[in-house]
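Undergrad: Input structure: my_file-v7.cif, which contains mmCIF, C-alpha atoms.
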```
data_upload
loop_
_atom_site.label_atom_id
_atom_site.label_comp_id
_atom_site.auth_asym_id
_atom_site.auth_seq_id
_atom_site.Cartn_x
_atom_site.Cartn_y
_atom_site.Cartn_z
CA ALA A 1 25.33 103.97 154.12
CA PRO A 2 27.14 100.58 154.31
CA PRO A 3 29.92 100.03 151.75
CA GLY A 4 28.44 99.31 148.35
CA ARG A 5 24.94 100.41 149.26
CA GLY A 6 23.41 103.74 148.17
CA ARG A 7 21.06 105.96 150.07
CA ALA A 8 17.49 104.65 150.11
CA GLY A 9 16.14 107.80 148.50
CA ALA A 10 18.39 107.35 145.50
CA SER A 11 17.31 103.80 144.64
CA ARG A 12 15.47 104.81 141.47
CA SER A 13 18.33 106.62 139.76
CA ALA A 14 21.48 105.34 138.10
CA ARG A 15 24.52 106.76 139.90
CA TYR A 16 28.31 106.43 139.93
CA ALA A 17 29.57 104.76 143.07
CA VAL A 18 33.07 106.31 143.03
CA ASP A 19 34.75 109.21 141.29
CA ALA A 20 35.83 108.25 137.75
CA ALA A 21 39.44 109.29 138.40
CA ASP A 22 39.62 106.83 141.31
CA ARG A 23 38.04 103.94 139.42
CA PRO A 24 40.41 101.52 137.65
CA PRO A 25 39.49 100.31 134.14
CA VAL A 26 36.67 97.77 134.01
CA ALA A 27 38.99 95.06 132.71
CA ARG A 28 41.40 95.62 135.60
CA SER A 29 38.53 95.52 138.08
CA ILE A 30 37.35 92.16 136.77
CA LEU A 31 40.85 90.68 136.78
CA ALA A 32 41.47 92.01 140.30
CA ALA A 33 38.85 89.63 141.74
CA GLY A 34 35.99 92.08 141.36
CA LYS A 35 32.51 90.79 142.17
CA LEU A 36 29.07 91.72 140.90
CA GLN A 37 26.72 92.59 143.76
CA GLY A 38 22.95 92.76 143.31
CA PRO A 39 20.30 93.89 143.16
CA GLY A 40 22.37 97.06 142.72
CA LEU A 41 24.80 95.18 140.41
CA ARG A 42 27.89 96.98 141.63
CA LEU A 43 31.40 95.81 140.83
CA ARG A 44 33.25 95.38 144.14
CA GLU A 45 36.90 94.78 144.97
CA GLY A 46 37.99 93.25 148.27
CA GLU A 47 35.97 91.91 151.18
CA GLY A 48 34.14 93.33 154.19
CA GLU A 49 34.48 96.88 155.50
CA GLY A 50 37.76 97.41 153.64
CA SER A 51 36.21 96.73 150.25
CA ARG A 52 35.34 99.44 147.76
CA VAL A 53 32.99 99.84 144.83
CA LEU A 54 34.72 99.98 141.45
CA GLY A 55 31.86 100.24 138.95
CA PHE A 56 28.34 101.50 138.54
CA GLY A 57 25.71 101.27 141.25
CA LEU A 58 22.41 100.72 139.45
CA GLY A 59 19.85 101.24 142.22
CA PHE A 60 16.72 99.96 140.54
CA GLY A 61 15.37 98.29 143.67
CA GLN A 62 13.45 95.07 143.04
CA PRO A 63 13.85 93.85 139.44
CA THR A 64 10.33 94.10 138.05
CA ALA A 65 9.90 93.14 134.37
CA PRO A 66 10.24 96.72 132.97
CA ARG A 67 13.20 97.34 135.22
CA VAL A 68 14.85 94.11 134.13
CA LEU A 69 14.57 95.27 130.52
CA ALA A 70 15.99 98.64 131.43
CA MET A 71 18.85 97.00 133.33
CA ARG A 72 19.60 94.78 130.36
CA ALA A 73 19.62 97.76 128.02
CA LEU A 74 22.20 99.46 130.24
CA LEU A 75 24.31 96.44 131.17
CA LEU A 76 24.71 94.73 127.79
CA PRO A 77 26.73 97.59 126.22
CA MET A 78 28.80 97.77 129.41
CA ALA A 79 29.47 94.04 129.28
CA ALA A 80 30.49 94.23 125.63
CA ALA A 81 32.88 97.09 126.37
CA ALA A 82 34.36 95.17 129.30
CA ALA A 83 34.88 92.08 127.14
CA ALA A 84 36.63 94.15 124.50
CA ALA A 85 38.87 95.73 127.13
CA VAL A 86 40.02 92.43 128.61
CA VAL A 87 43.23 91.43 126.83
CA ALA A 88 44.16 87.76 126.89
CA ASP A 89 47.54 86.73 128.24
CA PRO A 90 50.18 87.06 125.51
CA PRO A 91 51.50 83.84 123.96
CA ALA A 92 54.81 82.38 125.06
CA THR A 93 57.79 83.71 123.14
CA PRO A 94 58.93 81.41 120.32
CA VAL A 95 61.73 78.94 120.99
CA TRP A 96 63.87 77.73 118.12
CA PRO A 97 64.40 74.01 117.51
CA GLU A 98 67.91 72.98 118.58
CA VAL A 99 68.71 71.97 114.99
CA PHE A 100 67.17 73.34 111.80
CA HIS A 101 67.78 74.56 108.25
CA ALA A 102 66.08 77.69 106.94
CA GLN A 103 66.24 79.37 103.55
CA LEU A 104 65.90 83.14 103.70
CA ILE A 105 65.65 86.07 101.35
CA GLN A 106 67.54 89.06 102.71
CA ASN A 107 67.08 92.66 101.67
CA GLY A 108 69.55 94.91 103.39
CA THR A 109 70.36 97.93 101.25
CA GLY A 110 68.11 97.16 98.31
CA ASP A 111 70.35 94.32 97.08
CA LEU A 112 68.65 90.95 97.44
CA GLY A 113 70.47 87.89 98.69
CA ILE A 114 69.68 84.25 99.43
CA VAL A 115 70.76 82.79 102.77
CA ASP A 116 70.98 79.15 103.78
CA LEU A 117 70.93 79.19 107.57
CA PHE A 118 72.04 76.05 109.42
CA TYR A 119 71.57 76.17 113.19
CA ASP A 120 73.13 73.56 115.49
CA TRP A 121 72.75 74.47 119.15
CA PRO A 122 74.09 71.15 120.58
CA GLY A 123 77.15 71.55 118.36
CA GLY A 124 77.62 75.19 119.37
CA ARG A 125 77.69 76.45 115.78
CA ASN A 126 75.69 78.44 113.26
CA LEU A 127 76.34 78.85 109.54
CA ASN A 128 74.97 81.38 107.07
CA ILE A 129 75.79 80.73 103.40
CA ILE A 130 74.98 84.03 101.72
CA THR A 131 74.58 84.24 97.94
CA ASP A 132 74.60 87.77 96.54
CA ALA A 133 74.45 88.45 92.82
CA HIS A 134 76.98 91.28 93.24
CA ASP A 135 79.65 89.18 94.99
CA ALA A 136 82.17 88.21 92.32
CA LEU A 137 83.67 85.50 94.54
CA GLY A 138 80.39 83.65 94.94
CA ALA A 139 78.71 82.67 98.20
CA LEU A 140 80.02 84.19 101.43
CA TRP A 141 80.28 81.75 104.33
CA ASP A 142 79.55 83.20 107.77
CA ASN A 143 80.65 80.37 110.10
CA GLU A 144 79.90 81.19 113.76
CA ARG A 145 81.01 79.33 116.88
CA ASN A 146 79.86 79.41 120.49
CA ASN A 147 83.28 80.58 121.69
CA GLY A 148 82.61 83.92 119.98
CA SER A 149 84.70 83.29 116.87
CA THR A 150 83.22 84.03 113.46
CA TYR A 151 84.92 83.11 110.17
CA TYR A 152 84.02 84.90 106.94
CA TYR A 153 85.31 83.29 103.77
CA HIS A 154 84.51 82.34 100.19
CA ALA A 155 84.91 78.59 99.78
CA GLY A 156 87.75 77.64 97.47
CA HIS A 157 89.49 81.04 97.54
CA ALA A 158 92.66 80.51 99.53
CA GLY A 159 93.70 83.45 101.63
CA ASP A 160 90.25 85.02 101.53
CA CYS A 161 89.24 84.71 105.20
CA LYS A 162 88.42 87.21 107.92
CA VAL A 163 88.27 86.11 111.54
CA ILE A 164 86.42 88.19 114.13
CA ASP A 165 86.10 87.59 117.87
CA MET A 166 82.53 88.71 118.52
CA GLY A 167 82.80 88.22 122.26
CA VAL A 168 79.40 86.50 122.26
CA GLY A 169 78.36 83.01 121.24
CA ILE A 170 75.58 81.90 118.93
CA LEU A 171 71.94 82.53 119.72
CA ARG A 172 70.29 80.37 122.34
CA PRO A 173 67.07 78.63 121.24
CA ASP A 174 65.16 80.92 123.63
CA TRP A 175 66.91 84.11 122.53
CA LEU A 176 63.55 85.89 122.15
CA LYS A 177 62.73 85.45 125.84
CA GLY A 178 61.72 88.80 127.32
CA SER A 179 60.58 90.25 124.00
CA LEU A 180 57.42 92.37 123.91
CA PHE A 181 54.33 90.88 122.27
CA VAL A 182 52.63 93.58 120.20
CA GLY A 183 49.79 91.73 118.48
CA VAL A 184 48.76 89.53 115.57
CA GLU A 185 49.40 90.41 111.91
CA ASP A 186 49.03 88.77 108.51
CA VAL A 187 52.49 88.44 106.93
CA ASP A 188 53.34 86.64 103.68
CA GLY A 189 50.15 84.59 103.87
CA PHE A 190 50.71 83.57 107.51
CA THR A 191 48.81 84.71 110.59
CA CYS A 192 51.64 85.76 112.88
CA ASN A 193 52.35 86.77 116.44
CA THR A 194 54.54 89.87 116.39
CA TRP A 195 57.39 90.50 118.85
CA LYS A 196 59.70 93.41 119.55
CA ALA A 197 63.15 92.41 120.84
CA TYR A 198 65.13 94.89 122.92
CA ALA A 199 68.78 95.11 123.87
CA ASP A 200 69.43 94.72 127.59
CA ALA A 201 70.75 98.20 128.19
CA ASP A 202 71.73 97.41 131.79
CA THR A 203 73.77 94.25 131.41
CA ALA A 204 74.55 93.58 127.74
CA HIS A 205 76.80 95.52 125.45
CA GLU A 206 76.75 92.93 122.72
CA VAL A 207 73.50 91.74 121.16
CA ALA A 208 73.31 88.74 118.84
CA ALA A 209 70.51 88.22 116.36
CA PRO A 210 69.98 86.04 113.30
CA GLY A 211 72.03 87.41 110.42
CA ARG A 212 73.50 90.23 112.52
CA ARG A 213 75.90 89.52 115.36
CA ARG A 214 76.46 92.94 116.90
CA LEU A 215 74.29 95.91 117.84
CA GLY A 216 76.94 97.74 119.84
CA ASP A 217 77.20 98.94 123.41
CA LYS A 218 74.47 100.53 125.45
CA ALA A 219 75.59 103.99 124.35
CA HIS A 220 74.40 103.10 120.84
CA PRO A 221 71.59 105.52 119.87
CA LYS A 222 69.31 102.56 119.12
CA ALA A 223 70.14 100.57 122.26
CA ARG A 224 66.91 101.51 124.04
CA GLU A 225 64.74 100.99 120.98
CA PRO A 226 63.64 97.58 119.67
CA PHE A 227 66.57 96.28 117.66
CA LEU A 228 64.49 93.62 115.92
CA THR A 229 60.86 92.86 115.07
CA TYR A 230 60.08 89.16 114.71
CA TRP A 231 57.02 87.48 113.19
CA ALA A 232 56.16 83.83 113.93
CA GLU A 233 53.18 81.80 112.76
CA VAL A 234 50.39 81.49 115.31
CA GLY A 235 50.12 77.95 116.64
CA THR A 236 53.44 76.64 115.25
CA ASP A 237 55.97 79.42 116.04
CA ARG A 238 57.47 78.91 112.57
CA PRO A 239 59.56 82.02 111.87
CA VAL A 240 58.15 84.03 108.97
CA ARG A 241 60.11 87.29 108.94
CA TRP A 242 62.42 89.45 111.03
CA LEU A 243 63.34 93.09 110.56
CA PHE A 244 66.33 94.89 112.07
CA PHE A 245 66.28 98.44 113.41
CA ASP A 246 68.32 99.63 110.40
CA GLY A 247 65.87 98.22 107.85
CA ALA A 248 67.60 94.92 107.05
CA LEU A 249 64.78 92.49 106.27
CA PHE A 250 64.84 88.67 106.26
CA ASN A 251 61.92 86.63 104.91
CA VAL A 252 61.82 82.90 105.66
CA VAL A 253 61.05 80.83 102.56
CA THR A 254 61.52 77.34 104.03
CA PHE A 255 62.04 76.16 107.59
CA THR A 256 62.96 72.54 108.33
CA PRO A 257 63.46 71.55 111.99
CA GLY A 258 65.93 68.70 112.51
CA GLU A 259 67.67 69.06 109.14
CA LYS A 260 71.44 68.80 109.59
CA LEU A 261 74.36 69.97 107.48
CA ASP A 262 77.00 67.44 106.44
CA GLU A 263 79.79 67.46 109.00
CA ALA A 264 82.44 68.23 106.37
CA MET A 265 80.63 71.47 105.50
CA TRP A 266 81.17 72.83 109.01
CA ALA A 267 84.95 72.66 108.72
CA VAL A 268 86.70 76.02 108.68
CA PRO A 269 89.32 76.25 105.88
CA GLU A 270 92.92 75.84 106.96
CA TYR A 271 93.85 79.22 105.50
CA CYS A 272 91.72 80.89 108.21
CA PHE A 273 94.29 79.86 110.85
#
```
What is this file in structure tokens?

TA:
Amino acid sequence: APPGRGRAGASRSARYAVDAADRPPVARSILAAGKLQGPGLRLREGEGEGSRVLGFGLGFGQPTAPRVLAMRALLLPMAAAAAAAVVADPPATPVWPEVFHAQLIQNGTGDLGIVDLFYDWPGGRNLNIITDAHDALGALWDNERNNGSTYYYHAGHAGDCKVIDMGVGILRPDWLKGSLFVGVEDVDGFTCNTWKAYADADTAHEVAAPGRRRLGDKAHPKAREPFLTYWAEVGTDRPVRWLFFDGALFNVVTFTPGEKLDEAMWAVPEYCF
């Protein structure tokens, strides 16, 4: 019989056109330029003699009224299943504004903290002012620069400064590029797209992320697991929450694109040098 056509004697019975193990999923068949062919209503991929049948061959012959009803009864559930199987293209990964201020609640080891995060990509700097009820010296300033330097200090406490060369600059606005979209969830009253961010185990041995500058090298036991899960509001990409692989959780209370920190507040204390 010609490709896509059954034997004449079998026209009154529903039959599979190809072995199930050789047939791709219905959704893949549709997306791969499959075509419905009637009156047998077969799903076909390709053109001409090289084409092949991917779906059912319903050989009902001419569609008389009873047969039309029977065909509908069979095809409607199939169509519904195919529609459910077709997954829409994932949304684009969120991109941060080049300048913003966010207020966060952090929960790392059970101790809560409040973080004022100021991000300034054009200025090559990022500042976390971390207030923890258990820090006797008050707010800890985590002042990060694009040359890899990070300064930890308590404002007004001379001599209290730790300088670390992270070897990696601040996050790029598109730092989530390449993350895996895993679905939509309701989080803190927001409908959110959910992303899993992975370390680049082939090229990167330092991974930056908001509130945590270093994951470690690719030998780290978590290097091939998602190091961060990120939730962003559907339609706006407003960050709502992110969770690190070790359980450190950050919830975004306010997020204000374009809000800048006073220039004097960026200055690193002299006693750090």

Undergrad: Please write as a VMD selection string the full residue list that the PyMOL selection byres ((chain A and resi 148) around 10) yields on this file.

TA: chain A and resid 125 144 to 147 149 to 150 164 to 170 213

Undergrad: Return as a PyMOL selection string the set of residues that the PyMOL selection byres ((chain A and resi 182) around 8) yields on the displayed structure.

TA: chain A and resi 180-181+183-184+193-196

Undergrad: Kindly extract all protein, DNA and RNA residues lying within 9 Å of the coordinates (85.3, 77.8, 104.2) given in the file, considering only C-alpha atoms, and supply them as a ChimeraX atom specification.

TA: /A:140-143,151-157,161,265-272

Undergrad: Which residues, named as in the file, does the PyMOL selection byres ((chain A and resi 232-249) around 7) pick out? Answer as a VMD selection string.

TA: chain A and resid 94 106 to 108 190 to 194 226 to 231 250 to 252

Undergrad: Please indicate the distance in Å from CA of Ala92 (chain A) to CA of Tyr119 (chain A), rounded to one decimal place.

TA: 21.5 Å

Undergrad: From the set A:Leu171, A:Val95, A:Ala136, A:Ala102, which residue has the shortest atom-to-atom contact distance to Trp121 (chain A), counting only C-alpha atoms?

TA: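 Smallest separation from Trp121 (chain A) among the options: A:Leu171.
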
Undergrad: Can you tell me how far CA of Gly113 (chain A) sits from CA of Lys177 (chain A), in Å to one decimal?

TA: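 That distance, rounded to one decimal, is 28.3 Å.
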
Undergrad: Could you check how far CA of Ile105 (chain A) sits from CA of Asp188 (chain A), in Å to one decimal?

TA: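 Interatomic distance here is 12.5 Å.
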